$ cat entry_1.csv   # CSV, C-alpha atoms
chain,number,residue,atom,x,y,z
K,1,MET,CA,0.0,0.0,0.0
K,2,LYS,CA,1.7,3.2,-1.2
K,3,ILE,CA,0.6,6.3,0.6
K,4,PRO,CA,1.8,9.6,-0.9
K,5,ARG,CA,4.1,11.6,1.4
K,6,CYS,CA,1.9,14.7,0.8
K,7,TRP,CA,-0.7,13.5,3.3
K,8,ALA,CA,1.0,15.0,6.3
K,9,ALA,CA,1.8,18.2,4.4
K,10,LEU,CA,-1.9,18.5,3.4
K,11,ALA,CA,-3.0,18.1,7.0
K,12,LEU,CA,-0.6,20.8,8.1
K,13,LEU,CA,-1.9,23.1,5.4
K,14,GLY,CA,-5.4,22.6,6.6
K,15,LEU,CA,-6.6,21.6,3.2
K,16,LEU,CA,-8.6,18.8,4.8
K,17,PRO,CA,-10.9,18.9,7.7
K,18,MET,CA,-9.5,17.4,11.0
K,19,ALA,CA,-9.8,15.4,14.2
K,20,VAL,CA,-8.9,14.3,17.6
K,21,VAL,CA,-5.1,14.2,17.9
K,22,ALA,CA,-4.3,11.3,20.0
K,23,LYS,CA,-3.0,8.2,18.2
K,24,PRO,CA,-5.2,5.1,18.3
K,25,ILE,CA,-2.0,3.0,18.6
K,26,ALA,CA,0.5,4.0,21.3
K,27,PHE,CA,3.1,1.2,21.2
K,28,ALA,CA,3.4,-2.6,20.9
K,29,LYS,CA,1.7,-4.5,23.7
K,30,GLY,CA,0.4,-1.2,25.0
K,31,LYS,CA,-3.1,-0.4,26.2
K,32,THR,CA,-4.8,2.9,25.5
K,33,VAL,CA,-7.8,4.5,27.2
K,34,MET,CA,-9.1,7.7,25.7
K,35,LEU,CA,-11.9,9.9,27.0
K,36,GLU,CA,-13.2,13.0,25.3
K,37,TYR,CA,-15.8,15.6,26.2
K,38,GLY,CA,-16.5,17.6,23.0
K,39,ALA,CA,-18.2,20.9,23.9
K,40,GLY,CA,-21.6,19.2,24.5
K,41,THR,CA,-21.8,17.9,21.0
K,42,MET,CA,-19.9,14.7,21.4
K,43,ASN,CA,-18.6,12.5,24.2
K,44,GLU,CA,-16.5,9.5,23.5
K,45,LEU,CA,-14.7,6.7,25.4
K,46,GLN,CA,-12.3,4.3,23.6
K,47,LEU,CA,-10.2,1.4,24.8
K,48,PHE,CA,-7.6,-0.3,22.6
K,49,TYR,CA,-4.9,-2.9,22.9
K,50,ALA,CA,-2.0,-3.0,20.4
K,51,PRO,CA,-0.4,-6.5,19.9
K,52,ARG,CA,2.0,-4.9,17.5
K,53,TYR,CA,3.0,-1.3,16.9
K,54,TRP,CA,1.1,-1.2,13.6
K,55,TYR,CA,-2.4,-2.3,14.7
K,56,SER,CA,-4.7,-2.2,17.6
K,57,ILE,CA,-8.1,-3.6,18.4
K,58,GLY,CA,-10.7,-2.5,20.9
K,59,GLY,CA,-14.0,-0.7,21.2
K,60,GLY,CA,-15.7,2.5,22.1
K,61,TRP,CA,-18.8,4.4,23.0
K,62,LEU,CA,-19.9,7.6,21.3
K,63,GLU,CA,-22.6,10.0,22.2
K,64,LEU,CA,-23.6,12.7,19.7
K,65,THR,CA,-26.0,15.5,20.6
K,66,SER,CA,-27.2,18.1,18.1
K,67,GLU,CA,-26.6,21.8,18.8
K,68,ASP,CA,-30.2,22.4,19.7
K,69,GLY,CA,-30.3,19.3,21.9
K,70,ASN,CA,-33.2,17.7,20.1
K,71,THR,CA,-31.3,14.8,18.4
K,72,GLN,CA,-29.2,12.4,20.3
K,73,ARG,CA,-27.3,9.2,19.2
K,74,HIS,CA,-25.5,6.6,21.3
K,75,ILE,CA,-23.2,4.2,19.4
K,76,SER,CA,-21.2,1.3,20.9
K,77,TYR,CA,-18.7,-0.2,18.5
K,78,LEU,CA,-15.8,-2.6,18.1
K,79,ARG,CA,-12.9,-1.3,16.0
K,80,GLY,CA,-9.6,-2.2,14.4
K,81,ASN,CA,-6.9,0.5,13.9
K,82,LEU,CA,-4.1,0.2,11.4
K,83,LEU,CA,-1.0,2.2,11.0
K,84,ALA,CA,-0.9,2.4,7.2
K,85,LYS,CA,2.3,4.4,7.0
K,86,ARG,CA,4.9,5.9,9.3
K,87,TRP,CA,7.8,8.2,8.4
K,88,ASN,CA,10.6,8.3,11.1
K,89,MET,CA,12.7,11.3,10.6
K,90,PRO,CA,15.7,12.5,12.8
K,91,ASN,CA,13.5,15.2,14.4
K,92,ALA,CA,10.0,14.4,13.4
K,93,GLN,CA,7.5,11.6,12.8
K,94,ALA,CA,4.5,11.4,10.5
K,95,ASN,CA,1.8,8.8,10.5
K,96,VAL,CA,-1.3,7.8,8.5
K,97,PHE,CA,-3.8,5.7,10.5
K,98,VAL,CA,-7.0,4.1,9.1
K,99,TRP,CA,-9.7,2.2,11.0
K,100,GLY,CA,-13.0,0.5,10.7
K,101,GLY,CA,-15.6,-1.2,12.8
K,102,LEU,CA,-19.1,-2.2,13.5
K,103,GLY,CA,-21.5,-1.4,16.4
K,104,ARG,CA,-25.0,-0.8,17.6
K,105,ALA,CA,-26.6,2.6,17.7
K,106,THR,CA,-29.7,4.0,19.3
K,107,GLY,CA,-31.3,7.4,18.8
K,108,ASN,CA,-34.3,9.4,20.0
K,109,ASP,CA,-35.6,9.8,16.5
K,110,PHE,CA,-35.9,6.1,15.6
K,111,ALA,CA,-37.1,3.0,17.4
K,112,GLY,CA,-34.9,0.2,18.7
K,113,SER,CA,-31.2,-0.2,17.7
K,114,THR,CA,-29.5,-0.3,14.4
K,115,LEU,CA,-26.3,-1.6,13.0
K,116,ALA,CA,-23.7,1.2,12.8
K,117,ARG,CA,-20.6,1.1,10.5
K,118,ASN,CA,-17.5,3.1,11.4
K,119,VAL,CA,-14.6,4.1,9.2
K,120,GLY,CA,-12.0,6.8,9.5
K,121,PHE,CA,-8.5,7.9,9.1
K,122,GLN,CA,-5.9,10.2,10.7
K,123,ALA,CA,-2.8,11.9,9.3
K,124,ASP,CA,-0.4,13.6,11.7
K,125,TYR,CA,3.0,15.2,11.7
K,126,GLU,CA,4.9,16.1,14.8
K,127,THR,CA,8.2,17.4,16.0
K,128,ARG,CA,8.9,18.4,19.6
K,129,ARG,CA,7.8,22.0,18.9
K,130,VAL,CA,5.0,21.8,16.3
K,131,TYR,CA,2.2,19.4,15.7
K,132,GLY,CA,-0.6,19.0,13.1
K,133,ALA,CA,-3.2,16.3,12.8
K,134,PHE,CA,-6.3,15.8,10.7
K,135,ARG,CA,-8.8,13.1,11.5
K,136,SER,CA,-12.1,12.1,9.8
K,137,ASP,CA,-14.4,9.7,11.5
K,138,SER,CA,-17.7,8.5,10.0
K,139,GLN,CA,-20.6,6.7,11.7
K,140,GLU,CA,-23.2,5.3,9.2
K,141,SER,CA,-26.4,3.4,9.6
K,142,ASP,CA,-29.8,3.0,7.9
K,143,HIS,CA,-31.1,5.9,10.1
K,144,PHE,CA,-28.2,8.4,10.1
K,145,SER,CA,-24.9,9.4,8.6
K,146,HIS,CA,-22.5,11.4,10.7
K,147,ARG,CA,-19.0,12.5,10.0
K,148,ILE,CA,-16.7,14.4,12.4
K,149,ASP,CA,-13.7,16.1,10.9
K,150,THR,CA,-11.1,17.5,13.3
K,151,LEU,CA,-8.0,19.5,12.6
K,152,GLN,CA,-5.5,20.3,15.3
K,153,LEU,CA,-2.4,22.5,15.1
K,154,GLY,CA,-0.2,22.6,18.1
K,155,TRP,CA,2.8,24.6,19.3
K,156,ALA,CA,5.1,23.8,22.2
K,157,PRO,CA,6.8,26.7,24.0
K,158,TYR,CA,9.7,24.5,24.9
K,159,LYS,CA,11.1,21.1,23.9
K,160,HIS,CA,10.1,18.4,26.4
K,161,ASP,CA,12.1,15.3,27.1
K,162,TYR,CA,10.9,11.9,28.4
K,163,ASP,CA,11.4,12.9,32.1
K,164,THR,CA,9.9,16.4,31.8
K,165,LEU,CA,6.3,17.6,31.4
K,166,ALA,CA,5.3,18.4,27.9
K,167,THR,CA,3.1,21.5,27.3
K,168,TRP,CA,1.3,22.3,24.1
K,169,PHE,CA,-1.0,25.0,22.9
K,170,VAL,CA,-3.5,23.7,20.4
K,171,VAL,CA,-6.0,25.3,18.0
K,172,GLN,CA,-8.7,22.9,17.0
K,173,GLY,CA,-11.3,23.2,14.2
K,174,ARG,CA,-14.1,20.6,14.0
K,175,ARG,CA,-16.9,20.1,11.6
K,176,TYR,CA,-19.9,17.9,12.0
K,177,THR,CA,-22.2,16.5,9.3
K,178,GLY,CA,-25.6,14.9,9.8
K,179,ASP,CA,-27.5,18.0,11.2
K,180,LEU,CA,-25.5,18.0,14.5
K,181,PHE,CA,-23.8,21.4,14.3
K,182,GLU,CA,-23.8,24.1,11.7
K,183,GLY,CA,-20.4,25.5,10.6
K,184,THR,CA,-17.0,24.9,12.2
K,185,GLU,CA,-16.6,24.6,15.9
K,186,THR,CA,-13.3,26.2,16.9
K,187,ALA,CA,-11.5,25.5,20.3
K,188,LEU,CA,-8.4,26.7,22.0
K,189,LEU,CA,-6.7,24.0,24.1
K,190,VAL,CA,-3.8,23.5,26.4
K,191,ARG,CA,-2.3,20.0,26.5
K,192,PHE,CA,0.0,18.4,29.1
K,193,PHE,CA,1.6,15.0,29.0
K,194,LYS,CA,4.2,13.1,30.8
K,195,GLY,CA,5.0,9.4,30.6
K,196,GLY,CA,1.8,7.7,29.6
K,197,THR,CA,-0.6,10.3,30.7
K,198,TRP,CA,-2.1,13.0,28.5
K,199,VAL,CA,-4.6,15.7,29.5
K,200,GLU,CA,-6.0,18.3,27.2
K,201,ILE,CA,-8.5,21.1,28.3
K,202,GLY,CA,-9.9,24.2,26.7
K,203,ALA,CA,-12.9,25.9,25.4
K,204,THR,CA,-14.7,26.6,22.2
K,205,THR,CA,-15.0,30.1,20.9
K,206,ASP,CA,-18.6,30.2,22.3
K,207,GLY,CA,-17.4,29.2,25.7
K,208,LYS,CA,-18.1,25.5,25.8
K,209,LEU,CA,-15.8,23.1,27.6
K,210,GLN,CA,-13.6,20.8,25.5
K,211,ALA,CA,-11.5,18.2,27.3
K,212,MET,CA,-9.7,15.0,26.7
K,213,ALA,CA,-7.6,12.5,28.6
K,214,MET,CA,-5.5,9.6,27.4
K,215,PHE,CA,-3.6,7.0,29.3
K,216,ASN,CA,-1.1,4.5,27.8
K,217,PHE,CA,0.2,1.7,29.8
S,1,MET,CA,51.0,-18.1,10.0
S,2,ASN,CA,51.7,-14.5,11.2
S,3,ARG,CA,48.6,-13.4,9.5
S,4,PHE,CA,46.6,-16.1,11.3
S,5,LYS,CA,48.1,-14.9,14.7
S,6,PHE,CA,47.2,-11.3,13.9
S,7,LEU,CA,43.6,-12.3,13.1
S,8,LEU,CA,43.4,-14.4,16.3
S,9,VAL,CA,44.7,-11.5,18.5
S,10,ALA,CA,42.3,-9.0,16.8
S,11,LEU,CA,39.4,-11.4,17.4
S,12,LEU,CA,40.3,-11.8,21.0
S,13,VAL,CA,40.6,-8.1,21.5
S,14,GLY,CA,37.3,-7.6,19.9
S,15,VAL,CA,35.5,-10.2,21.9
S,16,SER,CA,37.1,-8.8,25.1
S,17,SER,CA,35.9,-5.3,24.3
S,18,LEU,CA,32.4,-6.7,23.5
S,19,ALA,CA,32.3,-8.6,26.8
S,20,SER,CA,33.3,-5.7,28.9
S,21,ALA,CA,30.8,-3.2,27.4
S,22,LYS,CA,28.6,-1.8,30.1
S,23,THR,CA,26.2,0.2,28.0
S,24,ILE,CA,24.7,0.1,24.5
S,25,GLU,CA,23.8,3.5,22.9
S,26,ILE,CA,21.4,3.4,20.1
S,27,ASP,CA,20.6,6.4,17.8
S,28,VAL,CA,17.0,6.3,16.8
S,29,ASN,CA,14.9,8.3,14.3
S,30,GLY,CA,11.3,9.2,15.1
S,31,LEU,CA,11.8,9.7,18.8
S,32,VAL,CA,9.7,12.9,19.3
S,33,CYS,CA,7.3,12.2,22.1
S,34,ALA,CA,7.0,10.5,25.5
S,35,PHE,CA,4.8,7.8,24.1
S,36,CYS,CA,7.6,6.8,21.7
S,37,ALA,CA,10.0,6.6,24.5
S,38,GLN,CA,7.6,4.6,26.7
S,39,GLY,CA,7.2,1.9,24.1
S,40,ILE,CA,10.9,1.5,23.4
S,41,GLU,CA,11.7,1.5,27.1
S,42,LYS,CA,9.1,-1.1,27.8
S,43,THR,CA,10.5,-3.4,25.0
S,44,LEU,CA,14.2,-3.0,25.9
S,45,LYS,CA,13.5,-3.6,29.6
S,46,GLY,CA,12.1,-7.0,28.6
S,47,PHE,CA,15.6,-8.2,27.6
S,48,PRO,CA,17.0,-10.4,30.4
S,49,ALA,CA,20.4,-8.8,29.8
S,50,ALA,CA,19.1,-5.2,30.3
S,51,GLU,CA,19.7,-3.7,33.7
S,52,ALA,CA,18.2,-0.2,33.0
S,53,VAL,CA,17.2,1.9,30.1
S,54,PHE,CA,17.6,5.6,29.5
S,55,VAL,CA,15.9,7.6,26.7
S,56,SER,CA,16.8,11.1,25.5
S,57,LEU,CA,14.4,12.7,23.1
S,58,GLU,CA,16.7,15.7,22.7
S,59,HIS,CA,19.6,13.6,21.6
S,60,ARG,CA,17.5,10.8,19.9
S,61,ILE,CA,19.4,8.3,22.0
S,62,VAL,CA,18.3,5.1,23.7
S,63,ALA,CA,20.9,3.7,26.2
S,64,VAL,CA,20.7,0.2,27.7
S,65,GLN,CA,22.8,-0.6,30.7
S,66,LEU,CA,23.8,-4.3,30.6
S,67,LYS,CA,24.0,-6.7,33.4
S,68,ASP,CA,27.5,-7.9,34.3
S,69,GLY,CA,28.9,-10.1,31.6
S,70,ALA,CA,25.7,-9.9,29.5
S,71,ASP,CA,25.1,-8.5,26.1
S,72,ILE,CA,22.4,-8.1,23.5
S,73,ASP,CA,23.4,-8.7,19.9
S,74,ASP,CA,22.8,-6.0,17.3
S,75,ALA,CA,20.2,-8.1,15.4
S,76,ALA,CA,18.1,-8.4,18.5
S,77,LEU,CA,18.3,-4.6,19.1
S,78,GLN,CA,17.5,-3.9,15.5
S,79,LYS,CA,14.4,-6.1,15.7
S,80,ALA,CA,13.3,-4.6,19.0
S,81,ILE,CA,13.5,-1.0,17.8
S,82,THR,CA,11.9,-1.8,14.4
S,83,ASP,CA,9.1,-3.8,16.1
S,84,SER,CA,8.5,-0.8,18.3
S,85,GLY,CA,7.9,1.3,15.1
S,86,TYR,CA,11.2,3.3,15.0
S,87,THR,CA,14.3,3.3,12.9
S,88,ILE,CA,17.8,2.6,14.1
S,89,VAL,CA,20.6,4.8,12.8
S,90,ALA,CA,23.6,3.5,14.8
S,91,ILE,CA,24.5,1.2,17.6
S,92,ARG,CA,27.6,1.8,19.9
S,93,ARG,CA,29.0,-0.1,22.8
S,94,THR,CA,30.8,1.7,25.6
S,95,ASP,CA,32.4,1.0,28.9
S,96,ALA,CA,30.7,4.1,30.4
S,97,SER,CA,28.0,3.5,32.9
S,98,LEU,CA,24.4,4.5,32.2
S,99,ASP,CA,24.7,7.3,34.7
S,100,ALA,CA,27.8,8.6,32.9
S,101,VAL,CA,25.9,8.5,29.6
S,102,ARG,CA,22.9,10.3,31.2
S,103,GLN,CA,25.2,13.0,32.7
S,104,ARG,CA,27.0,13.5,29.4
S,105,VAL,CA,23.7,13.9,27.6
S,106,LYS,CA,22.3,16.3,30.2
S,107,ALA,CA,25.5,18.3,30.0
S,108,ASP,CA,25.0,18.7,26.3
S,109,ASP,CA,21.4,20.0,26.7

$ encode --input "entry_1.csv" --output "structure tokens"
Amino acid sequence: MKIPRCWAALALLGLLPMAVVAKPIAFAKGKTVMLEYGAGTMNELQLFYAPRYWYSIGGGWLELTSEDGNTQRHISYLRGNLLAKRWNMPNAQANVFVWGGLGRATGNDFAGSTLARNVGFQADYETRRVYGAFRSDSQESDHFSHRIDTLQLGWAPYKHDYDTLATWFVVQGRRYTGDLFEGTETALLVRFFKGGTWVEIGATTDGKLQAMAMFNF
Amino acid sequence: MNRFKFLLVALLVGVSSLASAKTIEIDVNGLVCAFCAQGIEKTLKGFPAAEAVFVSLEHRIVAVQLKDGADIDDAALQKAITDSGYTIVAIRRTDASLDAVRQRVKADD
């Protein structure tokens, strides 16, 4: 599978809509837990185990709420994540991840539950001072079609090392399809991580809380 | 015959140097975040010959302190780093302790 090198550059240029920045695969034989509170529009919990550095398996739970609060979805899914391509450079790394899965969804505008299909990808590029990631995640069923595109651009005021706290300032743009949110939701975030713990907190431009935590062990 | 003796001496000196190495330093590409370091550290600590592991993102170095008389061959190190998702640039063996390597690296910061 040949992926053009321009993916990471495209993400940095913001030519594609973007996503959550954390990687769905941390390291071989590593477990990842991710929790995200997305400004009242989305909440998500994910758990993955990576037998090898290039794939992980696991599941998640996603709650989507429309801006007016009238429509809500709950989706539980099983997913496989694949590192399609990685570039290891002396002072940088770039990755392309793809994933897919199946789950069950419920909603307040249809009866019972329905099969949900999930596909997505993420392209990211990072050094110890700058970071860019674009992610697109789709949830489809016979009753709905949602896609969440997230772009994050980050800047670190200093270069962290393994034994020091990393601090990042991040600008996030997020677009929802499927009548959840009109326009682009913009958020400013501050991110800290050390060892296997990552915490990110901030607010959207209309004052709603945006937060995320990730643990690798 | 002299040539054979020379090769034998060279071999013995080489083996002696290898056996006395205390620390292995590995230059690695792609080391940009704590999660990268965490995965490599976990993998290398799994070697029975590894006493301790030190990772410097600034210098892109992974250092492994060896147990007395123990060693890890280059092929095994290459596989460990590659299977962690990173790229080895060079492997060096040194008589310096891991603390000495750590202090040298910190002094260069």

$ residues_near_point --input "entry_1.csv" --point "(2.6, 25.2, 19.2)" --cutoff "6 Å" --atoms "only C-alpha atoms" --output "VMD selection string"
chain K and resid 130 154 to 156 168 to 169

$ interface_residues --input "entry_1.csv" --of "chain S" --to "chain K" --cutoff "10 Å" --atoms "only C-alpha atoms" --output "MDAnalysis selection string"
chainID S and resid 27:40 42:43 54:60 82:89

$ closest_residue --input "entry_1.csv" --among "S:Thr23, S:Ala96, S:Ile91, S:Pro48" --to "S:Ala75" --atoms "all atoms listed in the file"
S:Ile91

$ residues_around --input "entry_1.csv" --residues "K:Gly132" --least-positions-apart "4" --cutoff "6 Å" --atoms "only C-alpha atoms" --output "compact mmCIF listing (two decimals) with C-alpha atoms, in the frame of the given file"
# COMPACT_ATOMS: atom_id res chain seq x y z
CA LEU K 12 -0.60 20.80 8.10
CA ASP K 124 -0.40 13.60 11.70
CA TYR K 125 3.00 15.20 11.70
CA GLN K 152 -5.50 20.30 15.30
CA LEU K 153 -2.40 22.50 15.10

$ residues_around --input "entry_1.csv" --residues "K:Trp99" --least-positions-apart "6" --cutoff "9 Å" --atoms "only C-alpha atoms" --output "number ranges by chain"
K: 79-83, 118-122, 137

$ residues_around --input "entry_1.csv" --residues "K:Tyr77" --least-positions-apart "3" --cutoff "7 Å" --atoms "all atoms listed in the file" --output "list in words"
Gly59, Gly60, Trp61, Gly101, Leu102, Gly103 and Arg104 of chain K

$ residues_around --input "entry_1.csv" --residues "stretch 142-150 of chain K" --least-positions-apart "6" --cutoff "10 Å" --atoms "only C-alpha atoms" --output "mmCIF file with C-alpha atoms, in the coordinates of the input"
data_model
loop_
_atom_site.group_PDB
_atom_site.id
_atom_site.type_symbol
_atom_site.label_atom_id
_atom_site.label_comp_id
_atom_site.auth_asym_id
_atom_site.auth_seq_id
_atom_site.Cartn_x
_atom_site.Cartn_y
_atom_site.Cartn_z
ATOM 1 C CA LEU K 16 -8.600 18.800 4.800
ATOM 2 C CA PRO K 17 -10.900 18.900 7.700
ATOM 3 C CA MET K 18 -9.500 17.400 11.000
ATOM 4 C CA ALA K 19 -9.800 15.400 14.200
ATOM 5 C CA VAL K 20 -8.900 14.300 17.600
ATOM 6 C CA VAL K 21 -5.100 14.200 17.900
ATOM 7 C CA MET K 42 -19.900 14.700 21.400
ATOM 8 C CA LEU K 64 -23.600 12.700 19.700
ATOM 9 C CA ARG K 73 -27.300 9.200 19.200
ATOM 10 C CA ALA K 105 -26.600 2.600 17.700
ATOM 11 C CA THR K 106 -29.700 4.000 19.300
ATOM 12 C CA GLY K 107 -31.300 7.400 18.800
ATOM 13 C CA ASP K 109 -35.600 9.800 16.500
ATOM 14 C CA PHE K 110 -35.900 6.100 15.600
ATOM 15 C CA ALA K 111 -37.100 3.000 17.400
ATOM 16 C CA SER K 113 -31.200 -0.200 17.700
ATOM 17 C CA THR K 114 -29.500 -0.300 14.400
ATOM 18 C CA LEU K 115 -26.300 -1.600 13.000
ATOM 19 C CA ALA K 116 -23.700 1.200 12.800
ATOM 20 C CA ARG K 117 -20.600 1.100 10.500
ATOM 21 C CA ASN K 118 -17.500 3.100 11.400
ATOM 22 C CA VAL K 119 -14.600 4.100 9.200
ATOM 23 C CA GLY K 120 -12.000 6.800 9.500
ATOM 24 C CA PHE K 121 -8.500 7.900 9.100
ATOM 25 C CA GLN K 122 -5.900 10.200 10.700
ATOM 26 C CA ALA K 133 -3.200 16.300 12.800
ATOM 27 C CA PHE K 134 -6.300 15.800 10.700
ATOM 28 C CA ARG K 135 -8.800 13.100 11.500
ATOM 29 C CA SER K 136 -12.100 12.100 9.800
ATOM 30 C CA GLN K 172 -8.700 22.900 17.000
ATOM 31 C CA GLY K 173 -11.300 23.200 14.200
ATOM 32 C CA ARG K 174 -14.100 20.600 14.000
ATOM 33 C CA ARG K 175 -16.900 20.100 11.600
ATOM 34 C CA TYR K 176 -19.900 17.900 12.000
ATOM 35 C CA THR K 177 -22.200 16.500 9.300
ATOM 36 C CA GLY K 178 -25.600 14.900 9.800
ATOM 37 C CA ASP K 179 -27.500 18.000 11.200
ATOM 38 C CA LEU K 180 -25.500 18.000 14.500
ATOM 39 C CA THR K 184 -17.000 24.900 12.200
ATOM 40 C CA GLU K 185 -16.600 24.600 15.900
ATOM 41 C CA THR K 186 -13.300 26.200 16.900
#

$ atom_distance --input "entry_1.csv" --atom1 "atom CA of K:Ala213" --atom2 "atom CA of K:Lys31"
13.9 Å

$ atom_distance --input "entry_1.csv" --atom1 "atom CA of S:Gln103" --atom2 "atom CA of S:Glu41"
18.6 Å

$ residues_around --input "entry_1.csv" --residues "S:Ser97" --least-positions-apart "4" --cutoff "7 Å" --atoms "all atoms listed in the file" --output "ChimeraX atom specification"
/S:22-23,65,101

$ closest_residue --input "entry_1.csv" --among "K:Val96, K:Ile201, K:Ala39, K:Leu209" --to "K:Tyr55" --atoms "all atoms listed in the file"
K:Val96

$ decode --input "entry_1.csv" --residues "stretch 64-80 of chain K" --atoms "N, CA and C atoms" --output "PDB file, in the first residue's frame"
ATOM      1  N   LEU K  64     -23.556  11.476  20.566  1.00  0.00           N
ATOM      2  CA  LEU K  64     -23.631  12.684  19.742  1.00  0.00           C
ATOM      3  C   LEU K  64     -24.926  13.412  20.061  1.00  0.00           C
ATOM      4  N   THR K  65     -24.831  14.720  20.244  1.00  0.00           N
ATOM      5  CA  THR K  65     -26.015  15.523  20.561  1.00  0.00           C
ATOM      6  C   THR K  65     -26.038  16.724  19.620  1.00  0.00           C
ATOM      7  N   SER K  66     -27.169  16.979  19.002  1.00  0.00           N
ATOM      8  CA  SER K  66     -27.243  18.121  18.082  1.00  0.00           C
ATOM      9  C   SER K  66     -27.145  19.433  18.852  1.00  0.00           C
ATOM     10  N   GLU K  67     -26.804  20.493  18.140  1.00  0.00           N
ATOM     11  CA  GLU K  67     -26.585  21.792  18.765  1.00  0.00           C
ATOM     12  C   GLU K  67     -27.820  22.268  19.528  1.00  0.00           C
ATOM     13  N   ASP K  68     -29.015  21.973  18.976  1.00  0.00           N
ATOM     14  CA  ASP K  68     -30.248  22.405  19.653  1.00  0.00           C
ATOM     15  C   ASP K  68     -30.694  21.405  20.725  1.00  0.00           C
ATOM     16  N   GLY K  69     -29.962  20.307  20.867  1.00  0.00           N
ATOM     17  CA  GLY K  69     -30.270  19.327  21.907  1.00  0.00           C
ATOM     18  C   GLY K  69     -31.419  18.400  21.565  1.00  0.00           C
ATOM     19  N   ASN K  70     -31.994  18.532  20.391  1.00  0.00           N
ATOM     20  CA  ASN K  70     -33.181  17.732  20.057  1.00  0.00           C
ATOM     21  C   ASN K  70     -32.857  16.314  19.582  1.00  0.00           C
ATOM     22  N   THR K  71     -31.680  16.148  18.974  1.00  0.00           N
ATOM     23  CA  THR K  71     -31.332  14.832  18.431  1.00  0.00           C
ATOM     24  C   THR K  71     -30.135  14.263  19.174  1.00  0.00           C
ATOM     25  N   GLN K  72     -30.269  12.986  19.530  1.00  0.00           N
ATOM     26  CA  GLN K  72     -29.166  12.352  20.251  1.00  0.00           C
ATOM     27  C   GLN K  72     -28.949  10.937  19.724  1.00  0.00           C
ATOM     28  N   ARG K  73     -27.687  10.535  19.662  1.00  0.00           N
ATOM     29  CA  ARG K  73     -27.326   9.173  19.248  1.00  0.00           C
ATOM     30  C   ARG K  73     -26.376   8.584  20.287  1.00  0.00           C
ATOM     31  N   HIS K  74     -26.490   7.290  20.470  1.00  0.00           N
ATOM     32  CA  HIS K  74     -25.522   6.559  21.282  1.00  0.00           C
ATOM     33  C   HIS K  74     -25.017   5.395  20.440  1.00  0.00           C
ATOM     34  N   ILE K  75     -23.738   5.290  20.285  1.00  0.00           N
ATOM     35  CA  ILE K  75     -23.165   4.246  19.428  1.00  0.00           C
ATOM     36  C   ILE K  75     -22.097   3.486  20.208  1.00  0.00           C
ATOM     37  N   SER K  76     -22.237   2.190  20.301  1.00  0.00           N
ATOM     38  CA  SER K  76     -21.207   1.332  20.901  1.00  0.00           C
ATOM     39  C   SER K  76     -20.584   0.533  19.764  1.00  0.00           C
ATOM     40  N   TYR K  77     -19.270   0.462  19.722  1.00  0.00           N
ATOM     41  CA  TYR K  77     -18.653  -0.169  18.550  1.00  0.00           C
ATOM     42  C   TYR K  77     -17.385  -0.952  18.910  1.00  0.00           C
ATOM     43  N   LEU K  78     -17.064  -1.881  18.044  1.00  0.00           N
ATOM     44  CA  LEU K  78     -15.785  -2.587  18.073  1.00  0.00           C
ATOM     45  C   LEU K  78     -15.000  -2.104  16.863  1.00  0.00           C
ATOM     46  N   ARG K  79     -13.693  -1.895  17.042  1.00  0.00           N
ATOM     47  CA  ARG K  79     -12.922  -1.265  15.963  1.00  0.00           C
ATOM     48  C   ARG K  79     -11.519  -1.841  15.866  1.00  0.00           C
ATOM     49  N   GLY K  80     -11.021  -1.878  14.643  1.00  0.00           N
ATOM     50  CA  GLY K  80      -9.615  -2.199  14.418  1.00  0.00           C
ATOM     51  C   GLY K  80      -8.914  -0.982  13.846  1.00  0.00           C
TER      52      GLY K  80
END
